[in-house]
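Q: Input coords27.txt, format and content: compact mmCIF, C-alpha atoms.
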```
# COMPACT_ATOMS: atom_id res chain seq x y z
CA MET A 1 -42.22 35.74 -12.39
CA ILE A 2 -45.70 36.10 -10.86
CA VAL A 3 -47.06 33.02 -9.08
CA LEU A 4 -50.54 32.27 -7.76
CA GLY A 5 -50.75 30.14 -4.60
CA ILE A 6 -53.85 28.26 -3.43
CA GLU A 7 -53.93 26.48 -0.06
CA THR A 8 -57.23 24.89 0.96
CA SER A 9 -56.31 21.77 2.88
CA THR A 10 -57.39 23.09 6.29
CA PRO A 11 -60.47 25.01 7.50
CA GLN A 12 -58.69 28.21 6.48
CA THR A 13 -58.63 28.95 2.76
CA SER A 14 -55.64 31.00 1.74
CA VAL A 15 -54.83 32.52 -1.65
CA ALA A 16 -51.82 34.67 -2.55
CA ILE A 17 -50.16 36.24 -5.56
CA GLY A 18 -46.45 36.95 -5.36
CA SER A 19 -43.10 37.05 -7.07
CA GLU A 20 -39.39 37.02 -6.18
CA GLN A 21 -39.97 40.55 -4.83
CA GLY A 22 -42.62 39.48 -2.33
CA ILE A 23 -46.39 39.19 -1.99
CA LEU A 24 -48.63 41.34 -4.22
CA ALA A 25 -51.91 40.34 -2.61
CA ALA A 26 -53.08 37.67 -0.18
CA THR A 27 -56.14 36.55 1.73
CA ARG A 28 -56.92 34.11 4.52
CA VAL A 29 -60.56 33.18 5.04
CA ALA A 30 -62.03 30.80 7.60
CA ARG A 31 -64.30 28.34 5.84
CA THR A 32 -67.74 27.46 7.05
CA HIS A 33 -70.31 25.11 5.56
CA GLY A 34 -69.84 24.95 1.81
CA GLY A 35 -67.38 27.83 1.96
CA ASP A 36 -65.11 26.14 -0.56
CA GLU A 37 -66.97 28.18 -3.13
CA VAL A 38 -64.83 31.17 -2.12
CA VAL A 39 -61.70 29.92 -3.89
CA ALA A 40 -62.35 30.93 -7.50
CA PRO A 41 -63.94 34.33 -6.66
CA THR A 42 -61.03 35.03 -4.29
CA VAL A 43 -58.50 34.35 -7.05
CA ARG A 44 -60.38 36.76 -9.34
CA HIS A 45 -60.60 39.39 -6.60
CA LEU A 46 -56.89 39.18 -5.74
CA LEU A 47 -55.85 39.46 -9.38
CA ASP A 48 -58.01 42.57 -9.66
CA LEU A 49 -56.64 44.06 -6.41
CA ALA A 50 -53.05 43.44 -7.49
CA GLY A 51 -53.76 44.71 -11.00
CA VAL A 52 -52.47 41.47 -12.49
CA GLU A 53 -53.98 40.13 -15.70
CA PRO A 54 -54.34 36.33 -15.52
CA SER A 55 -52.15 36.13 -18.64
CA ARG A 56 -49.24 37.55 -16.61
CA LEU A 57 -49.20 34.59 -14.21
CA SER A 58 -46.13 32.38 -14.71
CA GLY A 59 -47.17 29.51 -12.48
CA VAL A 60 -49.70 28.08 -10.04
CA ALA A 61 -48.78 26.50 -6.70
CA VAL A 62 -51.26 24.42 -4.74
CA GLY A 63 -51.19 22.89 -1.28
CA LEU A 64 -51.67 19.10 -1.45
CA GLY A 65 -52.47 18.40 2.17
CA PRO A 66 -52.57 16.10 3.99
CA GLY A 67 -55.75 17.68 5.25
CA LEU A 68 -59.46 17.91 4.58
CA PHE A 69 -60.73 16.28 1.39
CA THR A 70 -63.47 18.79 0.75
CA GLY A 71 -61.05 21.68 0.64
CA MET A 72 -58.23 19.89 -1.16
CA ARG A 73 -60.54 18.77 -3.93
CA VAL A 74 -61.64 22.33 -4.64
CA GLY A 75 -58.21 23.94 -4.32
CA ILE A 76 -56.36 21.37 -6.41
CA ALA A 77 -59.05 21.31 -9.10
CA THR A 78 -59.05 25.12 -9.28
CA GLY A 79 -55.26 25.23 -9.53
CA ARG A 80 -55.08 22.52 -12.17
CA GLY A 81 -57.88 24.14 -14.16
CA LEU A 82 -56.18 27.53 -14.15
CA ALA A 83 -52.81 26.05 -15.10
CA GLN A 84 -54.38 24.21 -18.00
CA VAL A 85 -56.40 27.16 -19.31
CA LEU A 86 -53.50 29.63 -18.96
CA ARG A 87 -51.00 27.04 -20.23
CA ILE A 88 -48.64 27.65 -17.31
CA PRO A 89 -46.77 25.18 -15.10
CA ILE A 90 -48.07 23.94 -11.75
CA VAL A 91 -46.34 22.73 -8.60
CA GLY A 92 -47.87 20.96 -5.61
CA MET A 93 -46.46 21.32 -2.11
CA ALA A 94 -47.23 19.39 1.06
CA SER A 95 -49.22 21.60 3.42
CA LEU A 96 -47.19 20.41 6.42
CA ASP A 97 -44.03 21.64 4.63
CA VAL A 98 -45.69 25.02 4.03
CA LEU A 99 -46.73 25.22 7.67
CA ALA A 100 -43.18 24.49 8.91
CA PHE A 101 -41.61 26.88 6.39
CA GLY A 102 -43.77 29.68 7.82
CA VAL A 103 -42.03 29.41 11.24
CA ARG A 104 -38.48 28.64 10.05
CA TYR A 105 -36.71 31.39 12.03
CA THR A 106 -36.06 29.26 15.08
CA ARG A 107 -33.24 27.02 16.24
CA ARG A 108 -35.64 24.44 17.61
CA LEU A 109 -36.91 21.35 15.88
CA ILE A 110 -40.28 22.17 14.26
CA CYS A 111 -43.23 19.80 14.37
CA ALA A 112 -46.05 20.71 11.98
CA VAL A 113 -49.39 19.29 13.15
CA VAL A 114 -52.65 19.44 11.19
CA ASP A 115 -55.98 18.25 12.59
CA ALA A 116 -56.94 15.07 10.70
CA ARG A 117 -60.36 14.79 12.44
CA ARG A 118 -61.57 11.49 13.90
CA GLY A 119 -59.25 11.97 16.89
CA GLU A 120 -56.06 12.03 14.85
CA VAL A 121 -53.44 14.49 13.57
CA PHE A 122 -51.17 14.58 10.53
CA HIS A 123 -47.64 15.55 11.50
CA ALA A 124 -44.03 15.77 10.37
CA PHE A 125 -40.75 17.05 11.88
CA TYR A 126 -38.51 19.71 10.32
CA ARG A 127 -34.99 20.94 10.99
CA PRO A 128 -34.65 24.67 10.37
CA MET A 129 -31.70 25.53 8.17
CA HIS A 130 -30.34 28.47 6.25
CA GLY A 131 -33.03 29.50 3.74
CA GLY A 132 -35.74 27.07 4.83
CA VAL A 133 -36.53 23.81 6.58
CA ALA A 134 -35.55 20.20 5.93
CA ARG A 135 -38.08 17.51 6.71
CA GLU A 136 -36.87 14.68 8.96
CA GLY A 137 -38.83 11.51 8.32
CA THR A 138 -42.18 11.00 6.66
CA TYR A 139 -45.68 12.44 6.95
CA GLN A 140 -47.53 10.56 9.64
CA VAL A 141 -51.01 10.21 11.02
CA GLY A 142 -51.91 9.18 14.54
CA THR A 143 -53.36 10.27 17.84
CA ALA A 144 -52.01 13.22 19.80
CA GLU A 145 -51.00 10.74 22.52
CA ARG A 146 -48.79 8.91 20.03
CA LEU A 147 -47.23 12.23 19.00
CA VAL A 148 -46.48 12.96 22.66
CA GLY A 149 -44.54 9.70 22.80
CA GLU A 150 -42.60 10.58 19.67
CA ILE A 151 -41.62 14.00 20.94
CA GLU A 152 -40.68 12.61 24.37
CA ALA A 153 -38.24 10.27 22.62
CA ARG A 154 -36.38 13.28 21.19
CA PRO A 155 -33.86 14.94 23.50
CA GLU A 156 -34.56 18.50 22.37
CA GLU A 157 -37.02 21.37 22.43
CA VAL A 158 -39.79 21.33 19.82
CA LEU A 159 -41.84 24.14 18.32
CA LEU A 160 -45.37 22.90 17.59
CA VAL A 161 -47.17 24.66 14.74
CA GLY A 162 -50.60 24.02 13.26
CA ASN A 163 -54.27 23.77 14.16
CA GLY A 164 -53.76 20.13 15.20
CA ALA A 165 -51.40 21.22 17.96
CA LEU A 166 -53.98 23.72 19.23
CA VAL A 167 -56.92 21.29 19.03
CA TYR A 168 -54.95 18.78 21.14
CA ARG A 169 -53.11 21.37 23.21
CA ARG A 170 -54.17 19.83 26.51
CA VAL A 171 -52.72 16.46 25.53
CA LEU A 172 -49.50 17.94 24.13
CA GLU A 173 -49.03 20.19 27.17
CA GLU A 174 -48.00 17.03 29.05
CA LEU A 175 -44.63 17.63 27.41
CA GLY A 176 -44.15 20.70 29.62
CA SER A 177 -41.30 23.03 28.81
CA GLN A 178 -40.02 20.79 26.02
CA VAL A 179 -42.60 22.30 23.66
CA GLU A 180 -43.90 25.71 22.71
CA PHE A 181 -47.12 26.27 20.73
CA VAL A 182 -47.23 28.65 17.79
CA SER A 183 -50.31 30.83 18.29
CA ALA A 184 -53.60 30.63 16.39
CA GLY A 185 -52.65 33.41 13.96
CA HIS A 186 -50.10 31.09 12.34
CA ALA A 187 -51.94 27.81 12.81
CA PHE A 188 -52.81 27.19 9.16
CA PRO A 189 -50.64 26.69 6.06
CA ASP A 190 -50.49 30.06 4.36
CA ALA A 191 -50.56 30.62 0.59
CA ALA A 192 -47.99 33.43 0.97
CA ALA A 193 -45.47 30.90 2.32
CA LEU A 194 -46.56 28.50 -0.42
CA VAL A 195 -45.78 31.11 -3.10
CA GLU A 196 -42.43 31.85 -1.48
CA LEU A 197 -41.56 28.14 -1.55
CA ALA A 198 -42.82 27.67 -5.10
CA VAL A 199 -41.17 30.62 -6.87
CA PRO A 200 -37.69 29.00 -6.88
CA ARG A 201 -39.24 25.82 -8.30
CA PHE A 202 -40.62 27.78 -11.26
CA VAL A 203 -37.34 29.68 -11.68
CA ARG A 204 -35.51 26.34 -11.88
CA GLU A 205 -38.26 25.04 -14.20
CA GLU A 206 -39.02 22.18 -11.82
CA ALA A 207 -42.77 22.06 -12.27
CA ASP A 208 -44.86 18.96 -11.62
CA ARG A 209 -46.82 17.05 -14.22
CA PRO A 210 -50.45 18.12 -13.74
CA VAL A 211 -51.54 14.47 -13.33
CA ASP A 212 -49.19 14.21 -10.36
CA VAL A 213 -50.79 17.15 -8.56
CA VAL A 214 -53.13 15.11 -6.34
CA PRO A 215 -53.86 15.11 -2.60
CA TYR A 216 -51.48 13.50 -0.12
CA TYR A 217 -53.44 10.74 1.53
CA VAL A 218 -51.23 9.41 4.38
CA ARG A 219 -54.33 7.65 5.71
CA LYS A 220 -55.41 5.80 2.60
CA SER A 221 -58.07 3.11 2.45
CA ASP A 222 -57.49 0.28 -0.01
CA ALA A 223 -60.79 -1.38 0.84
CA GLU A 224 -63.31 -2.07 -1.86
CA ILE A 225 -66.96 -1.22 -1.44
CA ALA A 226 -68.90 -4.30 -0.41
CA TRP A 227 -70.95 -4.50 -3.61
CA ASP A 228 -70.65 -8.27 -3.52
CA ARG A 229 -72.97 -8.14 -0.51
CA ARG A 230 -75.71 -7.11 -2.87
CA ALA A 231 -76.23 -7.18 -6.61
CA ARG A 232 -76.06 -3.67 -8.03
CA SER A 233 -79.46 -4.21 -9.60
CA ALA A 234 -79.98 -2.49 -12.93
CA MET B 235 -79.81 -4.33 13.89
CA GLY B 236 -82.23 -2.08 15.72
CA ALA B 237 -85.98 -1.57 15.70
CA THR B 238 -87.85 -1.44 12.38
CA LEU B 239 -90.97 0.46 11.35
CA ARG B 240 -92.90 -0.47 8.23
CA VAL B 241 -94.91 2.22 6.49
CA LEU B 242 -96.96 2.33 3.29
CA ALA B 243 -96.80 5.22 0.83
CA PRO B 244 -99.47 4.90 -1.90
CA THR B 245 -98.03 7.70 -4.08
CA GLY B 246 -94.76 9.54 -4.69
CA GLU B 247 -96.20 12.48 -2.79
CA ASP B 248 -96.80 10.15 0.17
CA THR B 249 -93.16 9.01 -0.03
CA ARG B 250 -92.16 12.68 0.22
CA ALA B 251 -94.52 13.17 3.16
CA VAL B 252 -93.10 10.14 5.00
CA ALA B 253 -89.59 11.53 4.38
CA ALA B 254 -90.71 14.93 5.66
CA ALA B 255 -92.02 13.31 8.84
CA ILE B 256 -88.74 11.45 9.38
CA ALA B 257 -86.82 14.66 8.73
CA GLN B 258 -88.40 16.13 11.88
CA ALA B 259 -86.30 13.66 13.88
CA LEU B 260 -83.00 14.40 12.11
CA GLY B 261 -80.17 16.42 13.62
CA PRO B 262 -76.64 17.58 12.73
CA GLY B 263 -74.26 14.77 11.74
CA ASP B 264 -77.01 12.21 11.10
CA VAL B 265 -76.65 9.62 8.36
CA VAL B 266 -79.63 8.21 6.48
CA ALA B 267 -78.76 5.17 4.34
CA LEU B 268 -81.19 4.67 1.48
CA THR B 269 -81.58 1.31 -0.22
CA GLY B 270 -83.92 0.01 -2.88
CA GLU B 271 -83.60 -0.82 -6.55
CA LEU B 272 -83.26 1.84 -9.24
CA GLY B 273 -86.53 3.74 -9.48
CA ALA B 274 -87.65 2.74 -5.98
CA GLY B 275 -87.81 6.39 -4.96
CA LYS B 276 -84.57 7.09 -3.14
CA THR B 277 -84.24 10.56 -4.65
CA THR B 278 -87.99 11.17 -4.17
CA PHE B 279 -87.46 10.42 -0.48
CA VAL B 280 -84.59 12.93 -0.24
CA GLN B 281 -86.75 15.53 -2.02
CA GLY B 282 -89.36 15.23 0.72
CA ALA B 283 -86.83 15.31 3.54
CA ALA B 284 -84.93 18.26 2.07
CA ARG B 285 -88.11 20.27 1.56
CA ALA B 286 -89.05 19.65 5.19
CA LEU B 287 -85.59 20.85 6.23
CA GLY B 288 -86.14 24.15 4.46
CA VAL B 289 -84.39 23.50 1.15
CA ALA B 290 -85.99 25.60 -1.59
CA ASP B 291 -83.72 24.44 -4.42
CA PRO B 292 -84.85 21.48 -6.54
CA VAL B 293 -83.33 18.18 -5.40
CA ALA B 294 -82.11 15.98 -8.26
CA SER B 295 -80.40 12.59 -8.36
CA PRO B 296 -76.70 12.73 -7.50
CA THR B 297 -75.87 9.54 -9.43
CA PHE B 298 -73.69 11.24 -12.01
CA VAL B 299 -72.20 13.98 -9.84
CA LEU B 300 -71.74 11.64 -6.83
CA MET B 301 -72.79 14.34 -4.36
CA ARG B 302 -75.10 17.33 -4.19
CA GLN B 303 -75.23 19.78 -1.32
CA TYR B 304 -78.10 21.90 -0.10
CA ARG B 305 -78.61 24.47 2.58
CA GLY B 306 -81.77 24.33 4.64
CA THR B 307 -82.21 24.67 8.39
CA LEU B 308 -79.30 22.19 8.44
CA PRO B 309 -76.64 21.69 5.76
CA ILE B 310 -77.62 18.64 3.72
CA ALA B 311 -75.49 16.36 1.54
CA HIS B 312 -77.04 13.85 -0.85
CA VAL B 313 -74.49 11.22 -1.84
CA ASP B 314 -74.83 8.33 -4.30
CA VAL B 315 -72.16 5.64 -4.15
CA TYR B 316 -73.65 3.64 -7.04
CA ARG B 317 -70.82 4.46 -9.43
CA LEU B 318 -68.03 4.03 -6.89
CA ASN B 319 -66.01 0.90 -6.26
CA ARG B 320 -63.56 1.80 -3.53
CA ILE B 321 -64.03 3.12 -0.01
CA GLN B 322 -61.34 5.72 -0.73
CA GLU B 323 -63.56 7.25 -3.42
CA VAL B 324 -66.24 7.85 -0.79
CA LEU B 325 -63.66 9.35 1.58
CA ASP B 326 -62.49 11.60 -1.26
CA LEU B 327 -65.96 13.15 -1.27
CA GLY B 328 -65.12 14.42 2.22
CA PHE B 329 -67.60 11.98 3.76
CA GLU B 330 -66.09 11.96 7.26
CA GLU B 331 -65.70 15.73 7.24
CA LEU B 332 -69.37 16.17 6.41
CA LEU B 333 -70.28 14.21 9.54
CA ASP B 334 -67.80 16.10 11.70
CA GLU B 335 -69.12 19.40 10.41
CA GLY B 336 -72.72 18.54 11.27
CA TRP B 337 -74.18 17.87 7.83
CA VAL B 338 -77.19 15.61 7.49
CA VAL B 339 -75.99 13.03 4.97
CA PHE B 340 -78.32 10.94 2.80
CA VAL B 341 -76.45 8.07 1.17
CA GLU B 342 -78.05 6.18 -1.71
CA TRP B 343 -77.00 2.49 -1.68
CA GLY B 344 -75.63 3.33 1.75
CA ASP B 345 -75.79 -0.22 3.08
CA VAL B 346 -72.61 -1.15 1.17
CA VAL B 347 -70.54 1.56 2.86
CA ASP B 348 -71.93 1.22 6.39
CA ALA B 349 -68.36 0.66 7.61
CA LEU B 350 -67.93 4.45 7.26
CA PHE B 351 -71.04 5.31 9.26
CA PRO B 352 -71.11 6.48 12.86
CA GLY B 353 -72.39 4.08 15.51
CA SER B 354 -75.93 5.35 15.04
CA TYR B 355 -77.65 5.82 11.71
CA LEU B 356 -81.03 5.41 10.10
CA GLU B 357 -81.63 2.90 7.32
CA VAL B 358 -84.51 3.44 4.90
CA GLU B 359 -85.39 0.63 2.48
CA LEU B 360 -87.83 1.37 -0.32
CA ALA B 361 -89.63 -1.51 -2.01
CA VAL B 362 -91.76 -1.08 -5.12
CA GLY B 363 -95.41 -2.06 -4.73
CA PRO B 364 -98.37 -1.95 -7.12
CA ASP B 365 -98.58 1.25 -9.23
CA GLU B 366 -96.83 4.14 -7.50
CA SER B 367 -97.03 2.63 -4.03
CA ARG B 368 -93.97 1.93 -1.94
CA GLU B 369 -93.35 -0.04 1.20
CA ILE B 370 -90.83 1.82 3.31
CA ARG B 371 -88.93 0.03 6.04
CA VAL B 372 -87.20 2.31 8.51
CA THR B 373 -84.56 0.78 10.78
CA GLY B 374 -82.76 2.63 13.54
CA HIS B 375 -79.20 1.52 14.24
CA GLY B 376 -77.39 2.46 17.45
CA PRO B 377 -78.22 4.25 20.70
CA VAL B 378 -79.12 7.62 19.15
CA TRP B 379 -82.03 6.10 17.22
CA LEU B 380 -83.05 3.92 20.13
CA ALA B 381 -83.49 7.11 22.14
CA ARG B 382 -85.46 8.77 19.34
CA TRP B 383 -87.55 5.76 18.44
CA GLU B 384 -90.77 6.63 20.26
CA ARG B 385 -90.73 10.07 18.69
CA LEU B 386 -90.20 8.55 15.24
CA GLU B 387 -93.07 6.13 15.79
CA GLY B 388 -95.27 9.09 16.63
CA LEU B 389 -94.16 11.06 13.57
CA LEU B 390 -94.93 8.11 11.28
CA GLY B 391 -98.17 7.06 12.99
CA GLU B 392 -100.34 8.14 10.08
CA TRP B 393 -98.57 5.84 7.57
CA ARG B 394 -97.73 2.82 9.72
CA ALA B 395 -98.59 -0.50 8.14
CA ALA B 396 -100.63 -2.95 10.12
```
Would you mind writing the structure in this file as structure tokens?
A:
Amino acid sequence: MIVLGIETSTPQTSVAIGSEQGILAATRVARTHGGDEVVAPTVRHLLDLAGVEPSRLSGVAVGLGPGLFTGMRVGIATGRGLAQVLRIPIVGMASLDVLAFGVRYTRRLICAVVDARRGEVFHAFYRPMHGGVAREGTYQVGTAERLVGEIEARPEEVLLVGNGALVYRRVLEELGSQVEFVSAGHAFPDAAALVELAVPRFVREEADRPVDVVPYYVRKSDAEIAWDRRARSA
Amino acid sequence: MGATLRVLAPTGEDTRAVAAAIAQALGPGDVVALTGELGAGKTTFVQGAARALGVADPVASPTFVLMRQYRGTLPIAHVDVYRLNRIQEVLDLGFEELLDEGWVVFVEWGDVVDALFPGSYLEVELAVGPDESREIRVTGHGPVWLARWERLEGLLGEWRAA
């Protein structure tokens, strides 16, 4: 069971190929302007490196955010396209879940925090347990100050993971010894962890319908464009 | 509403030249909202600005692809919201990320999505005149354009309407 993982919802693009036996090949690349173009060539390159024909892939896993739209659009479209062409199943995973899963060997409560830009972070809490993590509550978006308040209300130590925690480190450091920050080397959701999480889903044949593999919004706008302010002249 | 300059561009090439002059005043994260009926020269304007910002690739209308991106001395995004109906569809293009990442963003029909713009942006209205001529009204919104206004007046001196 060989699975391709694509995680593009943060400024670090990550692609991995793996199976029940572990990771066959993986990359993590920091994106710069327009760097989303690296996804498809990276997939090709990794398949070559691992000596895996595309026809041997059994499934595609993609990170669904919440995160940056530019990256998610490219990663999800690439994953859906490959799944369709290769006629293999696809699963989507929340990037905050992937981030928390990557640091599961702790007894502390985990808080995954991704930079949402515009002065806000996406975050969720996770309880480490045998074999993984269990999310407590929903995905949220808000300021780092609001997150400080939420953590203060919890009577326990918290491990903060993600680029959002590092961007707002000075704010979150107000929490003192209640929190520890996971370092920059593990600050982005990693496709290797995504593959590890997804393999059991494919084994259990619990794939998603491709139409359901869409970005997590969290901060969704229902507003309509103010076309009524002007006639869309033809 | 900020200060407005009115300039006259007798030909399409003049529209490009006016855009090129305005481009001299643009910096990372700037938004230029373009308005004017279909065929008024919104894409022509972006062609001139992009060329001045070092883009060698041909600049075509983004109406059917929603967004085109170019790399010049600054990264440039050319967005057209004409076919969109919801603010979320504009956000899905990564609009806010473009601004955060320092792209210069040209938005056709931008006036209808100004709620997404930063506090300062430039509005360019193109009105069709006789033959190929265009009247171009340039309005600076917010403190950034207030501070740049004298410079912009200088850059556009040659084309200013009486």
Q: Rounded to one decimal place, report the atom CA of B:Pro352-atom CA of B:Gly374 distance in Å.
A: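 Straight-line distance from atom CA of B:Pro352 to atom CA of B:Gly374 works out to 12.3 Å.
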Q: Using only C-alpha atoms, which of B:Leu287, B:Leu272, B:Val362, B:Leu308 sits nearest chain A?
A: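 Smallest distance to chain A is found for B:Leu272.
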Q: Find, counting only C-alpha atoms, the residue in A:Gly63, A:Pro41, A:Gly71, A:Gly149 that gets nearest to B:Glu331.
A: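 Result for the nearest residue to B:Glu331: A:Gly71.
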Q: Would you list which chain A residues are within 6 Å of chain B using only C-alpha atoms, as a list of chain:residue names?
A: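 Every residue of chain A that passes the 6 Å test is in A:Phe69, A:Thr70, A:Ser221, A:Ala223, A:Glu224, A:Ile225, A:Ala226.
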Q: Would you work out the distance separating atom CA of A:Val62 from atom CA of A:Val29, expressed in Å to one decimal?
A: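 If I compute the distance from atom CA of A:Val62 to atom CA of A:Val29, I get 16.1 Å.
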Q: Could you check the closest approach to A:Ser177 for each of A:Glu152, A:Val214, A:Arg201, A:Leu194 and tell me which residue wins, using only C-alpha atoms?
A: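 Counting only C-alpha atoms, the residue closest to A:Ser177 is A:Glu152.
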Q: Within 12 Å of A:Val85, counting only C-alpha atoms, which residues qualify if same-chain residues fewer than 6 places away don't, as a list in words?
A: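 The residues that qualify are Pro54, Ser55, Leu57, Gly59, Val60, Thr78 and Gly79 of chain A.
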Q: Can you measure atom CA of B:Gly306 to atom CA of B:Asp291 for me? One decimal in Å is fine.
A: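 So the answer is 9.3 Å.
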Q: I want to know what sits within 10 Å of B:Trp383, based on all atoms listed in the file, with residues of the same chain fewer than 2 positions away left out; could you give that as a ChimeraX atom specification?
A: /B:236-239,259,373-374,377-381,385-389
Q: Taking all atoms listed in the file into account, which of A:Glu157, A:Asp48, A:Glu20, A:Asp190 comes nearest A:Ser95?
A: A:Asp190
Q: Should you be able to, write stretch 286-308 of chain B of this structure into a file that contains N, CA and C atoms, as a PDB file, in the first residue's frame.
A:
```pdb
ATOM      1  N   ALA B 286       6.454  48.336 -17.485  1.00  0.00           N
ATOM      2  CA  ALA B 286       7.313  49.264 -16.747  1.00  0.00           C
ATOM      3  C   ALA B 286       7.920  48.602 -15.508  1.00  0.00           C
ATOM      4  N   LEU B 287       7.249  47.585 -14.996  1.00  0.00           N
ATOM      5  CA  LEU B 287       7.767  46.886 -13.813  1.00  0.00           C
ATOM      6  C   LEU B 287       8.616  45.679 -14.218  1.00  0.00           C
ATOM      7  N   GLY B 288       9.028  45.651 -15.464  1.00  0.00           N
ATOM      8  CA  GLY B 288      10.007  44.656 -15.897  1.00  0.00           C
ATOM      9  C   GLY B 288       9.435  43.321 -16.316  1.00  0.00           C
ATOM     10  N   VAL B 289       8.131  43.270 -16.595  1.00  0.00           N
ATOM     11  CA  VAL B 289       7.539  42.007 -17.037  1.00  0.00           C
ATOM     12  C   VAL B 289       7.737  41.867 -18.543  1.00  0.00           C
ATOM     13  N   ALA B 290       8.386  40.786 -18.957  1.00  0.00           N
ATOM     14  CA  ALA B 290       8.640  40.563 -20.378  1.00  0.00           C
ATOM     15  C   ALA B 290       7.517  39.747 -21.017  1.00  0.00           C
ATOM     16  N   ASP B 291       6.842  38.918 -20.214  1.00  0.00           N
ATOM     17  CA  ASP B 291       5.780  38.069 -20.757  1.00  0.00           C
ATOM     18  C   ASP B 291       4.595  38.909 -21.223  1.00  0.00           C
ATOM     19  N   PRO B 292       3.876  38.431 -22.244  1.00  0.00           N
ATOM     20  CA  PRO B 292       2.675  39.164 -22.668  1.00  0.00           C
ATOM     21  C   PRO B 292       1.610  39.139 -21.570  1.00  0.00           C
ATOM     22  N   VAL B 293       0.937  40.273 -21.400  1.00  0.00           N
ATOM     23  CA  VAL B 293      -0.115  40.398 -20.384  1.00  0.00           C
ATOM     24  C   VAL B 293      -1.471  40.316 -21.085  1.00  0.00           C
ATOM     25  N   ALA B 294      -2.261  39.298 -20.721  1.00  0.00           N
ATOM     26  CA  ALA B 294      -3.572  39.113 -21.345  1.00  0.00           C
ATOM     27  C   ALA B 294      -4.668  39.267 -20.301  1.00  0.00           C
ATOM     28  N   SER B 295      -5.893  39.415 -20.753  1.00  0.00           N
ATOM     29  CA  SER B 295      -7.014  39.589 -19.832  1.00  0.00           C
ATOM     30  C   SER B 295      -7.169  38.377 -18.921  1.00  0.00           C
ATOM     31  N   PRO B 296      -7.404  38.602 -17.646  1.00  0.00           N
ATOM     32  CA  PRO B 296      -7.603  37.480 -16.722  1.00  0.00           C
ATOM     33  C   PRO B 296      -9.074  37.113 -16.544  1.00  0.00           C
ATOM     34  N   THR B 297      -9.969  37.648 -17.390  1.00  0.00           N
ATOM     35  CA  THR B 297     -11.401  37.457 -17.142  1.00  0.00           C
ATOM     36  C   THR B 297     -11.774  35.996 -16.971  1.00  0.00           C
ATOM     37  N   PHE B 298     -11.236  35.132 -17.825  1.00  0.00           N
ATOM     38  CA  PHE B 298     -11.679  33.746 -17.768  1.00  0.00           C
ATOM     39  C   PHE B 298     -10.816  32.854 -16.886  1.00  0.00           C
ATOM     40  N   VAL B 299      -9.645  33.332 -16.483  1.00  0.00           N
ATOM     41  CA  VAL B 299      -8.844  32.540 -15.548  1.00  0.00           C
ATOM     42  C   VAL B 299      -8.864  33.164 -14.156  1.00  0.00           C
ATOM     43  N   LEU B 300      -9.547  34.295 -14.014  1.00  0.00           N
ATOM     44  CA  LEU B 300      -9.702  35.022 -12.747  1.00  0.00           C
ATOM     45  C   LEU B 300      -8.433  35.732 -12.292  1.00  0.00           C
ATOM     46  N   MET B 301      -7.261  35.072 -12.464  1.00  0.00           N
ATOM     47  CA  MET B 301      -6.036  35.726 -12.007  1.00  0.00           C
ATOM     48  C   MET B 301      -4.850  35.271 -12.857  1.00  0.00           C
ATOM     49  N   ARG B 302      -4.002  36.229 -13.208  1.00  0.00           N
ATOM     50  CA  ARG B 302      -2.728  35.895 -13.840  1.00  0.00           C
ATOM     51  C   ARG B 302      -1.619  36.502 -12.998  1.00  0.00           C
ATOM     52  N   GLN B 303      -0.487  35.821 -12.967  1.00  0.00           N
ATOM     53  CA  GLN B 303       0.629  36.311 -12.156  1.00  0.00           C
ATOM     54  C   GLN B 303       1.859  36.504 -13.030  1.00  0.00           C
ATOM     55  N   TYR B 304       2.604  37.537 -12.714  1.00  0.00           N
ATOM     56  CA  TYR B 304       3.799  37.863 -13.491  1.00  0.00           C
ATOM     57  C   TYR B 304       4.933  38.181 -12.539  1.00  0.00           C
ATOM     58  N   ARG B 305       6.139  37.993 -13.025  1.00  0.00           N
ATOM     59  CA  ARG B 305       7.291  38.376 -12.222  1.00  0.00           C
ATOM     60  C   ARG B 305       8.091  39.447 -12.918  1.00  0.00           C
ATOM     61  N   GLY B 306       8.130  40.614 -12.341  1.00  0.00           N
ATOM     62  CA  GLY B 306       8.964  41.702 -12.839  1.00  0.00           C
ATOM     63  C   GLY B 306       9.907  42.099 -11.726  1.00  0.00           C
ATOM     64  N   THR B 307      10.163  43.397 -11.585  1.00  0.00           N
ATOM     65  CA  THR B 307      10.975  43.856 -10.462  1.00  0.00           C
ATOM     66  C   THR B 307      10.215  43.630  -9.155  1.00  0.00           C
ATOM     67  N   LEU B 308       8.878  43.542  -9.270  1.00  0.00           N
ATOM     68  CA  LEU B 308       8.025  43.145  -8.137  1.00  0.00           C
ATOM     69  C   LEU B 308       7.123  42.026  -8.644  1.00  0.00           C
TER      70      LEU B 308
END
```
